[in-house]
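**Q** Before anything else, here's the structure in question.
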Amino acid sequence: MIIWITGQHNAGKTTLGDALADYYSAKLGIDVIRLDGDVWRMMTLNQDYSMEGRHRNVQRAMQAAVSLDDDRTIVICSFISPNREQREYIKYNHGAVEVYVKSIRIGEVLKRTKDYEAPLKNYIRINTDIASVFENMKSTLAAIRGLIDEGVIAPIAGMHDSADGSGI
């Protein structure tokens, strides 16, 4: 399963991704691979922040996520990924779950990525201004559980529900 966390700069993508990774790994014993935009840029030595550079960077990360995805692993990706078409591609061709993280606290910072295209359909929306990281994580887990129950995405092989019903 690929969980693609997107949103503006400083909205809480990495924080939510880390919380989800910790939960799936520590609580449920599921193998988790984390891909994060800041770390990815350092690993790939890509400091091109033009729209073309961002597109190329996200494309490479998506290729890595698809390669790492299997029925026993969760790949959690945290990238601004401003291009909606790219996110739609990974959702519809590779079954990724899009989580859109939004924050109104960051005001002026949002203007830096003015070309960001917010999702329009089939995504989970998390507003990081409303609840704690823990509550945002629980909301995301519940939404993913709902997608599994509806048959939109497949559960991880060999895993059962956790005691609180949020497991996959």
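Just so we're on the same page: first chain in the structure tokens is A, next is B, and so on; residues restart at 1 for each chain, and ligands are numbered from 1 in the order they show up.
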List every residue of segment 71-156 of chain A that DSSP, applied to the backbone of this structure, places in strand (DSSP E), and write the result as a ChimeraX atom specification.
**A** /A:73-78,97-102,124-127
**Q** Can you write out the residues you just picked, keeping C-alpha atoms, as a CSV table (one decimal), in the first residue's frame?
**A**
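Produced file selection39.csv, reproduced below:
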chain,number,residue,atom,x,y,z
A,73,THR,CA,4.7,-3.3,3.1
A,74,ILE,CA,3.4,0.2,3.5
A,75,VAL,CA,5.2,2.9,1.6
A,76,ILE,CA,4.5,6.3,3.2
A,77,CYS,CA,5.5,9.3,1.1
A,78,SER,CA,5.5,12.9,2.2
A,97,VAL,CA,-4.1,6.6,-1.0
A,98,GLU,CA,-3.8,10.4,-1.2
A,99,VAL,CA,-3.8,12.3,2.1
A,100,TYR,CA,-4.1,16.1,1.7
A,101,VAL,CA,-2.7,17.9,4.7
A,102,LYS,CA,-3.8,21.5,5.1
A,124,ILE,CA,-8.4,12.1,2.6
A,125,ARG,CA,-8.3,15.7,4.0
A,126,ILE,CA,-6.5,16.4,7.3
A,127,ASN,CA,-6.5,19.9,8.7
**Q** Give me the residues within 12 Å of Tyr89 of chain A as a list in words, counting only C-alpha atoms and dropping any in the same chain fewer than 4 places off.
**A**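 Here the answer would be Trp4, Val58, Gln59, Met62, Gln63, Val66, Asn83, Arg84, Glu85, Asn93, His94, Gly95, Ala96, Val97 and Glu98 of chain A.
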**Q** Dump N, CA and C atoms for the selected residues as a CSV table (one decimal), in the first residue's frame?
**A**
chain,number,residue,atom,x,y,z
A,4,TRP,N,0.2,8.4,0.0
A,4,TRP,CA,0.9,9.6,-0.6
A,4,TRP,C,0.4,10.9,0.2
A,58,VAL,N,9.3,14.5,-8.0
A,58,VAL,CA,8.1,13.7,-7.6
A,58,VAL,C,8.0,12.4,-8.5
A,59,GLN,N,8.2,12.6,-9.8
A,59,GLN,CA,8.2,11.4,-10.7
A,59,GLN,C,9.1,10.3,-10.2
A,62,MET,N,7.8,8.7,-7.0
A,62,MET,CA,6.7,7.8,-7.3
A,62,MET,C,7.2,6.5,-7.9
A,63,GLN,N,8.2,6.6,-8.8
A,63,GLN,CA,8.7,5.3,-9.3
A,63,GLN,C,9.3,4.5,-8.2
A,66,VAL,N,6.4,2.9,-6.1
A,66,VAL,CA,5.8,1.8,-6.8
A,66,VAL,C,6.7,0.5,-6.7
A,83,ASN,N,1.7,19.0,-8.5
A,83,ASN,CA,1.0,18.6,-9.7
A,83,ASN,C,-0.1,17.6,-9.5
A,84,ARG,N,-1.3,18.0,-9.6
A,84,ARG,CA,-2.5,17.1,-9.4
A,84,ARG,C,-2.5,15.9,-10.3
A,85,GLU,N,-2.1,16.1,-11.6
A,85,GLU,CA,-2.1,15.0,-12.5
A,85,GLU,C,-1.2,13.9,-12.1
A,93,ASN,N,-3.4,4.3,-11.0
A,93,ASN,CA,-2.7,3.3,-11.7
A,93,ASN,C,-1.9,2.4,-10.7
A,94,HIS,N,-1.8,2.8,-9.4
A,94,HIS,CA,-1.0,2.0,-8.4
A,94,HIS,C,-1.8,1.9,-7.1
A,95,GLY,N,-3.0,2.4,-7.0
A,95,GLY,CA,-3.8,2.2,-5.8
A,95,GLY,C,-3.4,3.0,-4.6
A,96,ALA,N,-2.6,4.1,-4.8
A,96,ALA,CA,-2.2,4.9,-3.7
A,96,ALA,C,-3.3,5.6,-3.0
A,97,VAL,N,-3.2,5.9,-1.8
A,97,VAL,CA,-4.1,6.6,-1.0
A,97,VAL,C,-3.5,8.1,-0.9
A,98,GLU,N,-4.3,9.1,-1.3
A,98,GLU,CA,-3.8,10.4,-1.2
A,98,GLU,C,-4.4,11.1,0.0
**Q** Fewer than 5 positions away in the same chain doesn't count, so skip those; otherwise give me all residues within 8 Å of Phe79 of chain A, counting only C-alpha atoms, as a list of chain:residue names.
**A**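 Near Phe79 of chain A, the qualifying residues are A:Trp4, A:Ile5, A:Thr6, A:Gly7, A:Lys13, A:Asp36, A:Gly37, A:Val58.
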**Q** Could you state the separation of atom CA of Gln8 of chain A and atom CA of Lys91 of chain A in Å, given to one decimal place?
**A**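 That distance, rounded to one decimal, is 18.9 Å.
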**Q** Please, which residues of chain A, numbered as in this document, come out helix (DSSP H, G or I) from DSSP, as a PyMOL selection string?
**A** chain A and resi 13-27+37-44+51-68+84-94+107-113+133-149
**Q** Could you write out that same residue set with C-alpha atoms as a CSV table (one decimal), in the first residue's frame?
**A**
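See result10.csv below for the written result:
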chain,number,residue,atom,x,y,z
A,13,LYS,CA,3.2,16.2,5.9
A,14,THR,CA,6.3,14.8,7.5
A,15,THR,CA,4.9,14.9,11.0
A,16,LEU,CA,1.8,12.9,10.0
A,17,GLY,CA,3.9,10.5,7.9
A,18,ASP,CA,6.2,9.8,10.8
A,19,ALA,CA,3.2,9.2,13.1
A,20,LEU,CA,1.6,6.8,10.7
A,21,ALA,CA,4.9,5.0,10.2
A,22,ASP,CA,5.4,4.6,13.9
A,23,TYR,CA,1.9,3.3,14.4
A,24,TYR,CA,2.0,0.8,11.6
A,25,SER,CA,5.5,-0.4,12.5
A,26,ALA,CA,5.4,-0.4,16.4
A,27,LYS,CA,1.7,-1.2,17.0
A,37,GLY,CA,10.6,15.2,0.2
A,38,ASP,CA,13.4,16.9,2.2
A,39,VAL,CA,15.4,13.6,2.7
A,40,TRP,CA,14.7,12.6,-0.9
A,41,ARG,CA,16.1,15.9,-2.2
A,42,MET,CA,19.3,15.3,-0.2
A,43,MET,CA,19.6,11.7,-1.4
A,44,THR,CA,19.1,12.6,-5.1
A,51,MET,CA,8.0,23.4,-11.6
A,52,GLU,CA,9.8,21.2,-14.0
A,53,GLY,CA,12.4,20.2,-11.3
A,54,ARG,CA,9.6,19.5,-8.8
A,55,HIS,CA,7.7,17.4,-11.4
A,56,ARG,CA,10.9,15.4,-12.1
A,57,ASN,CA,11.6,14.9,-8.4
A,58,VAL,CA,8.1,13.7,-7.6
A,59,GLN,CA,8.2,11.4,-10.7
A,60,ARG,CA,11.3,9.7,-9.4
A,61,ALA,CA,9.9,9.4,-5.9
A,62,MET,CA,6.7,7.8,-7.3
A,63,GLN,CA,8.7,5.3,-9.3
A,64,ALA,CA,10.6,4.4,-6.1
A,65,ALA,CA,7.4,4.0,-4.2
A,66,VAL,CA,5.8,1.8,-6.8
A,67,SER,CA,9.0,-0.4,-6.9
A,68,LEU,CA,9.0,-0.7,-3.1
A,84,ARG,CA,-2.5,17.1,-9.4
A,85,GLU,CA,-2.1,15.0,-12.5
A,86,GLN,CA,0.9,13.2,-11.1
A,87,ARG,CA,-1.0,12.4,-7.9
A,88,GLU,CA,-4.0,11.2,-9.8
A,89,TYR,CA,-1.7,8.9,-11.8
A,90,ILE,CA,-0.3,7.1,-8.8
A,91,LYS,CA,-3.8,6.8,-7.2
A,92,TYR,CA,-5.5,5.4,-10.2
A,93,ASN,CA,-2.7,3.3,-11.7
A,94,HIS,CA,-1.0,2.0,-8.4
A,107,GLY,CA,-0.3,32.1,6.0
A,108,GLU,CA,2.4,33.8,4.0
A,109,VAL,CA,4.5,30.6,3.6
A,110,LEU,CA,1.6,29.2,1.4
A,111,LYS,CA,2.4,31.8,-1.2
A,112,ARG,CA,5.7,30.2,-1.9
A,113,THR,CA,4.1,27.2,-3.7
A,133,VAL,CA,-0.8,14.9,15.6
A,134,PHE,CA,-2.3,11.9,17.4
A,135,GLU,CA,-5.9,12.8,16.5
A,136,ASN,CA,-4.8,13.5,12.9
A,137,MET,CA,-3.2,10.1,12.7
A,138,LYS,CA,-6.3,8.4,14.1
A,139,SER,CA,-8.5,10.2,11.6
A,140,THR,CA,-6.2,9.2,8.7
A,141,LEU,CA,-6.2,5.5,10.0
A,142,ALA,CA,-10.0,5.5,10.2
A,143,ALA,CA,-10.3,6.9,6.7
A,144,ILE,CA,-7.9,4.3,5.3
A,145,ARG,CA,-9.9,1.6,7.2
A,146,GLY,CA,-13.0,2.9,5.5
A,147,LEU,CA,-11.4,2.6,2.1
A,148,ILE,CA,-10.4,-0.9,2.9
A,149,ASP,CA,-13.9,-1.8,4.1
